Structure formats: structure tokens, C-alpha cells
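The next block holds one structure in the form of C-alpha cells; read it before the comments.
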Amino acid sequence: MSATIKKYKNAVRRAVRTRSHIQGTAQYPRLSVKRSLRHIYVQLINDDAGKTLAAASDKDIELKGKPIEIAKEVGVLIAKKADSIGIKKAVFDRGSYRFHGRVAAVADGARETGLTI
């Protein structure tokens with residue numbers, strides 16, 4: 001098994017382990033974070049209906065700067081979209097990523113705007 005395949009399988013295993021403890025509903029959707037080397041994506045997901053309620057990414061904002069600052073602005077944007085559709089609380093899904101750096105900045109930006117995680 002190549003190192004790339006092993007790394008991918010370990011990431012999938014971590015994500016499944018994380019998602020086994022959380023469930024998004026219509027009142028408390030799951031705030032899922034996807035991080036790549038260049039971009040960060042966030043979705044509010046209702047797992048009961050299997051629908052994405054709102055989504056945001058760094059492509060939606062005009063801010064240029066450090067990646068952590070951009071991730072924080074993505075958190076602010078998703079919190080504003082959640083507020084516009086009447087959602088005040090969410091369950092944070094970090095996936096296979098550690099709660100550190102850009103992933104934590106998304107959560108901080110959402111909390112500062114009023115979304116309870």
C-alpha cells in the first residue's frame with residue numbers, strides 16, 4: 001500500500017469516527033468543514049433530510065490576507081447565512097482535521113457572529 005493511499009484511508013477513518021458522535025437536524029444542523037491547501041469550505045447540513053441548508057467558502061469573500069483571517073471571515077459569512085434562515089445553533093463537524101488553525105478560526109468567526117456551537 002502506498003503512503004498516499006494509507007494517508008487517505010486514515011483520514012476517512014478519522015472522519016467516520018468524528019461523525020459517528022454527531023448528527024445534524026433541522027433545528028441543529030451540522031456545520032461541516034472541508035479544508036484543502038488553498039481553500040476552505042463550510043456547509044450547514046440537515047442529516048435527517050439529507051439537504052445542505054447553507055454553504056460558504058473563501059471564494060465568496062473578497063478579503064486577501066493570511067489564511068487564518070480568511071477562514072475566520074468564512075465563519076462569519078456562514079453565521080450570517082445561518083441567521084438569515086433562522087438557525088441559531090449548530091453542531092460543529094471538524095471531519096478528519098484537528099481543531100486547530102483554520103478549522104478553529106472558522107468556529108471562532110461563527111461564534112463571534114452569534115452562532116452557538
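FYI, nothing fancy with the C-alpha cells labels: chains A, B, ... in order, residues from 1 per chain, ligands from 1 as they appear.
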
Which neighbours of region 111-117 of chain A fall inside 8 Å, counting only C-alpha atoms, when residues of the same chain fewer than 6 positions from it are skipped, and could you give them as a PyMOL selection string?
-> chain A and resi 76+79-80+82-83+87-92

Show me, as a PDB file with C-alpha atoms, in the first residue's frame, the residues that have an atom within 8 Å of region 42-48 of chain A when counting only C-alpha atoms, minus same-chain residues fewer than 5 positions from it.
ATOM      1  CA  GLN A  23     -25.978  14.224  13.940  1.00  0.00           C
ATOM      2  CA  GLY A  24     -27.406  17.329  12.283  1.00  0.00           C
ATOM      3  CA  THR A  25     -31.126  18.069  12.467  1.00  0.00           C
ATOM      4  CA  ALA A  26     -33.330  20.855  11.153  1.00  0.00           C
ATOM      5  CA  TYR A  28     -29.322  21.988  14.987  1.00  0.00           C
ATOM      6  CA  PRO A  29     -27.661  21.395  11.616  1.00  0.00           C
ATOM      7  CA  ARG A  30     -24.164  20.024  11.256  1.00  0.00           C
ATOM      8  CA  LEU A  31     -21.540  22.663  10.433  1.00  0.00           C
ATOM      9  CA  SER A  32     -19.151  20.670   8.256  1.00  0.00           C
ATOM     10  CA  VAL A  33     -15.683  21.980   7.371  1.00  0.00           C
ATOM     11  CA  LYS A  34     -13.626  20.922   4.342  1.00  0.00           C
ATOM     12  CA  LEU A  53     -29.104  24.413   4.145  1.00  0.00           C
ATOM     13  CA  ALA A  54     -26.309  26.934   3.517  1.00  0.00           C
ATOM     14  CA  ALA A  55     -22.750  26.939   2.247  1.00  0.00           C
ATOM     15  CA  ALA A  56     -19.819  29.337   2.224  1.00  0.00           C
ATOM     16  CA  SER A  57     -16.213  29.291   1.134  1.00  0.00           C
ATOM     17  CA  VAL A  74     -15.750  32.373   6.190  1.00  0.00           C
ATOM     18  CA  GLY A  75     -17.052  31.545   9.679  1.00  0.00           C
ATOM     19  CA  ILE A  78     -21.754  31.137   7.316  1.00  0.00           C
ATOM     20  CA  ALA A  82     -27.494  30.732   9.155  1.00  0.00           C
ATOM     21  CA  ALA A  90     -25.234  24.159  15.107  1.00  0.00           C
TER      22      ALA A  90
END

Identify, on the basis of only C-alpha atoms, every residue whose closest approach to His39 (chain A) does not exceed 9 Å; exclude the query and any residue fewer than 6 positions from it along the same chain; express the result as a PyMOL selection string.
-> chain A and resi 57-59+67+71

Hey, can you spit out that residue selection with N, CA and C atoms as a PDB file, in the first residue's frame?
ATOM      1  N   SER A  57     -17.617  29.631   1.324  1.00  0.00           N
ATOM      2  CA  SER A  57     -16.213  29.291   1.134  1.00  0.00           C
ATOM      3  C   SER A  57     -15.405  30.569   1.030  1.00  0.00           C
ATOM      4  N   ASP A  58     -14.098  30.412   0.976  1.00  0.00           N
ATOM      5  CA  ASP A  58     -13.254  31.587   0.851  1.00  0.00           C
ATOM      6  C   ASP A  58     -13.351  32.217  -0.528  1.00  0.00           C
ATOM      7  N   LYS A  59     -13.955  31.510  -1.453  1.00  0.00           N
ATOM      8  CA  LYS A  59     -14.169  32.069  -2.792  1.00  0.00           C
ATOM      9  C   LYS A  59     -15.289  33.113  -2.791  1.00  0.00           C
ATOM     10  N   PRO A  67      -4.242  33.047   5.790  1.00  0.00           N
ATOM     11  CA  PRO A  67      -5.282  32.013   5.704  1.00  0.00           C
ATOM     12  C   PRO A  67      -6.182  31.932   6.934  1.00  0.00           C
ATOM     13  N   ALA A  71     -10.199  32.314   6.920  1.00  0.00           N
ATOM     14  CA  ALA A  71     -11.055  31.275   7.491  1.00  0.00           C
ATOM     15  C   ALA A  71     -12.021  31.864   8.519  1.00  0.00           C
TER      16      ALA A  71
END

How would you write, as a VMD selection string, the set of residues in chain A that DSSP gives as helix (DSSP H, G or I)?
-> chain A and resid 3 to 19 58 to 60 67 to 84 102 to 113

Prev. selection, N, CA and C atoms, output as a compact mmCIF listing (two decimals), in the first residue's frame:
# COMPACT_ATOMS: atom_id res chain seq x y z
N ALA A 3 1.99 5.22 0.43
CA ALA A 3 1.82 6.16 1.53
C ALA A 3 0.61 7.06 1.32
N THR A 4 0.32 7.42 0.07
CA THR A 4 -0.82 8.28 -0.23
C THR A 4 -2.13 7.59 0.08
N ILE A 5 -2.24 6.34 -0.30
CA ILE A 5 -3.47 5.59 -0.03
C ILE A 5 -3.66 5.39 1.46
N LYS A 6 -2.59 5.10 2.16
CA LYS A 6 -2.68 4.90 3.62
C LYS A 6 -3.10 6.20 4.31
N LYS A 7 -2.55 7.32 3.86
CA LYS A 7 -2.91 8.61 4.44
C LYS A 7 -4.39 8.92 4.22
N TYR A 8 -4.89 8.63 3.01
CA TYR A 8 -6.30 8.85 2.70
C TYR A 8 -7.20 7.95 3.54
N LYS A 9 -6.83 6.69 3.67
CA LYS A 9 -7.65 5.76 4.47
C LYS A 9 -7.69 6.17 5.93
N ASN A 10 -6.57 6.65 6.45
CA ASN A 10 -6.55 7.11 7.84
C ASN A 10 -7.43 8.34 8.01
N ALA A 11 -7.43 9.25 7.04
CA ALA A 11 -8.27 10.44 7.12
C ALA A 11 -9.75 10.07 7.08
N VAL A 12 -10.12 9.12 6.24
CA VAL A 12 -11.51 8.67 6.17
C VAL A 12 -11.92 8.02 7.48
N ARG A 13 -11.03 7.24 8.07
CA ARG A 13 -11.33 6.58 9.34
C ARG A 13 -11.54 7.62 10.45
N ARG A 14 -10.70 8.67 10.48
CA ARG A 14 -10.86 9.72 11.48
C ARG A 14 -12.18 10.47 11.28
N ALA A 15 -12.54 10.75 10.03
CA ALA A 15 -13.79 11.47 9.75
C ALA A 15 -15.00 10.64 10.16
N VAL A 16 -14.98 9.35 9.87
CA VAL A 16 -16.09 8.47 10.25
C VAL A 16 -16.22 8.41 11.77
N ARG A 17 -15.09 8.34 12.45
CA ARG A 17 -15.11 8.30 13.91
C ARG A 17 -15.68 9.59 14.48
N THR A 18 -15.33 10.72 13.89
CA THR A 18 -15.84 12.01 14.35
C THR A 18 -17.34 12.11 14.09
N ARG A 19 -17.79 11.71 12.90
CA ARG A 19 -19.20 11.84 12.54
C ARG A 19 -20.09 10.82 13.21
N ASP A 58 -14.10 30.41 0.98
CA ASP A 58 -13.25 31.59 0.85
C ASP A 58 -13.35 32.22 -0.53
N LYS A 59 -13.95 31.51 -1.45
CA LYS A 59 -14.17 32.07 -2.79
C LYS A 59 -15.29 33.11 -2.79
N ASP A 60 -16.13 33.10 -1.74
CA ASP A 60 -17.25 34.02 -1.65
C ASP A 60 -16.88 35.37 -1.04
N PRO A 67 -4.24 33.05 5.79
CA PRO A 67 -5.28 32.01 5.70
C PRO A 67 -6.18 31.93 6.93
N ILE A 68 -5.65 32.20 8.11
CA ILE A 68 -6.47 32.13 9.33
C ILE A 68 -7.48 33.27 9.34
N GLU A 69 -7.08 34.46 8.89
CA GLU A 69 -8.01 35.59 8.82
C GLU A 69 -9.12 35.31 7.80
N ILE A 70 -8.76 34.70 6.69
CA ILE A 70 -9.75 34.36 5.67
C ILE A 70 -10.72 33.32 6.21
N ALA A 71 -10.20 32.31 6.92
CA ALA A 71 -11.05 31.28 7.49
C ALA A 71 -12.02 31.86 8.52
N LYS A 72 -11.56 32.84 9.28
CA LYS A 72 -12.44 33.48 10.26
C LYS A 72 -13.57 34.23 9.56
N GLU A 73 -13.27 34.88 8.44
CA GLU A 73 -14.30 35.57 7.67
C GLU A 73 -15.30 34.59 7.05
N VAL A 74 -14.83 33.40 6.69
CA VAL A 74 -15.75 32.37 6.19
C VAL A 74 -16.70 31.95 7.31
N GLY A 75 -16.20 31.85 8.53
CA GLY A 75 -17.05 31.54 9.68
C GLY A 75 -18.08 32.63 9.92
N VAL A 76 -17.68 33.88 9.77
CA VAL A 76 -18.62 35.00 9.91
C VAL A 76 -19.69 34.93 8.83
N LEU A 77 -19.29 34.62 7.60
CA LEU A 77 -20.23 34.54 6.49
C LEU A 77 -21.26 33.42 6.68
N ILE A 78 -20.81 32.25 7.13
CA ILE A 78 -21.75 31.14 7.32
C ILE A 78 -22.69 31.44 8.48
N ALA A 79 -22.22 32.14 9.50
CA ALA A 79 -23.09 32.50 10.62
C ALA A 79 -24.16 33.50 10.17
N LYS A 80 -23.80 34.43 9.29
CA LYS A 80 -24.79 35.38 8.76
C LYS A 80 -25.82 34.67 7.90
N LYS A 81 -25.38 33.70 7.09
CA LYS A 81 -26.32 32.94 6.28
C LYS A 81 -27.23 32.09 7.16
N ALA A 82 -26.68 31.53 8.23
CA ALA A 82 -27.49 30.73 9.16
C ALA A 82 -28.53 31.60 9.84
N ASP A 83 -28.14 32.80 10.22
CA ASP A 83 -29.08 33.72 10.87
C ASP A 83 -30.19 34.13 9.92
N SER A 84 -29.87 34.27 8.65
CA SER A 84 -30.89 34.69 7.68
C SER A 84 -31.94 33.60 7.44
N ARG A 102 -6.90 26.89 10.88
CA ARG A 102 -8.00 27.41 10.07
C ARG A 102 -9.34 26.82 10.47
N VAL A 103 -9.35 25.57 10.91
CA VAL A 103 -10.61 24.93 11.33
C VAL A 103 -11.14 25.62 12.59
N ALA A 104 -10.27 25.90 13.54
CA ALA A 104 -10.68 26.60 14.76
C ALA A 104 -11.07 28.04 14.44
N ALA A 105 -10.42 28.66 13.46
CA ALA A 105 -10.75 30.04 13.09
C ALA A 105 -12.16 30.13 12.51
N VAL A 106 -12.58 29.12 11.75
CA VAL A 106 -13.95 29.10 11.23
C VAL A 106 -14.95 29.07 12.39
N ALA A 107 -14.68 28.23 13.37
CA ALA A 107 -15.57 28.13 14.53
C ALA A 107 -15.58 29.43 15.32
N ASP A 108 -14.43 30.06 15.49
CA ASP A 108 -14.36 31.32 16.22
C ASP A 108 -15.13 32.43 15.51
N GLY A 109 -14.99 32.51 14.21
CA GLY A 109 -15.72 33.51 13.45
C GLY A 109 -17.23 33.31 13.51
N ALA A 110 -17.66 32.06 13.48
CA ALA A 110 -19.09 31.78 13.58
C ALA A 110 -19.62 32.11 14.97
N ARG A 111 -18.84 31.80 16.00
CA ARG A 111 -19.27 32.10 17.37
C ARG A 111 -19.36 33.60 17.61
N GLU A 112 -18.39 34.36 17.10
CA GLU A 112 -18.38 35.80 17.32
C GLU A 112 -19.56 36.48 16.64
N THR A 113 -20.08 35.89 15.57
CA THR A 113 -21.21 36.47 14.86
C THR A 113 -22.54 36.08 15.48

Out of A:Met1, A:Leu37, A:Ile22, A:Ala49, which residue has the shortest atom-to-atom distance to Arg94 (chain A) when counting only C-alpha atoms?
->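 For Arg94 (chain A), the nearest of the candidates is A:Ile22.
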